[in-house]
Amino acid sequence: MHKPLRIDFLTSSMEAGGAQRVISILANYLADKGYSVRIITFWGPDHYELNDTIERVRLHKHPLFHSIIFNGFFNLMSFYRKKSNRPDILSSHMDLLGLVSIPNSLIYNIKVIVSEHNNHLAYNNRAQSFCWNYLYPKADMVTILTEFDKEHFL
């Protein structure tokens with residue numbers, strides 16, 4: 001008998017929102033199918049009902065700066081330092097979390113899927129450009145919402 005695939009969903013919070021709703025639907029579906037599922041967040045309460053088998057990991061510590069990206073990177077790195085905490089797949093959603101998930105997946109050799117929940121015209125800043133141009137090519141997969149974004153991300 002083999003161990004079920006371990007999948008972590010990473011998002012800034014599980015408060016009410018479209019991406020969070022998608023995460024809850026995917027996580028519940030995969031948990032119902034027997035996968036080992038965790039949802040990791042950096043702040044806020046939960047809004048969506050989750051399968052009892054889904055583990056919630058709240059890395060809500062802000063020891064240095066009040067920055068989800070900065071603290072999230074180091075909190076996730078510290079969490080994954082313990083080999084037994086590492087999943088088979090890390091699914092990252094929202095809020096520039098590619099800056100957190102992709103480097104950690106490279107450090108710990110974890111497959112990473114990055115999901116965009118806005119079209120490419122919604123952002124125009126250096127951090128997002130860096131993430132899209134330099135980190136997304138290192139992800140195992142990038143999911144987007146529409147055909148409109150496909151040409152941009154290819």
# chains A, B, ... in the order shown; residues from 1 in each chain; ligands from 1
>>> select_by_dssp(residues="chain A", states="strand (DSSP E or B)", output="VMD selection string")
chain A and resid 6 to 10 14 36 to 41 46 55 to 58 89 to 93 111 to 115 141 to 143
>>> residues_around(residues="Phe79 (chain A)", least_positions_apart="6", cutoff="9 Å", atoms="only C-alpha atoms", output="list in words")
Leu59, Asn85 and Arg86 of chain A
>>> select_by_dssp(residues="chain A", states="helix (DSSP H, G or I)", output="MDAnalysis selection string")
chainID A and resid 18:32 68:81 83:85 98:108 120:122 126:138 147:153
>>> residues_around(residues="Leu97 (chain A)", least_positions_apart="2", cutoff="10 Å", atoms="only C-alpha atoms", output="ChimeraX atom specification")
/A:10-12,68-69,72-73,92-95,99-102,114-116,128,131
>>> closest_residue(among="A:Arg21, A:Asn75, A:Tyr80, A:Asp88", to="Val37 (chain A)", atoms="only C-alpha atoms")
A:Asp88
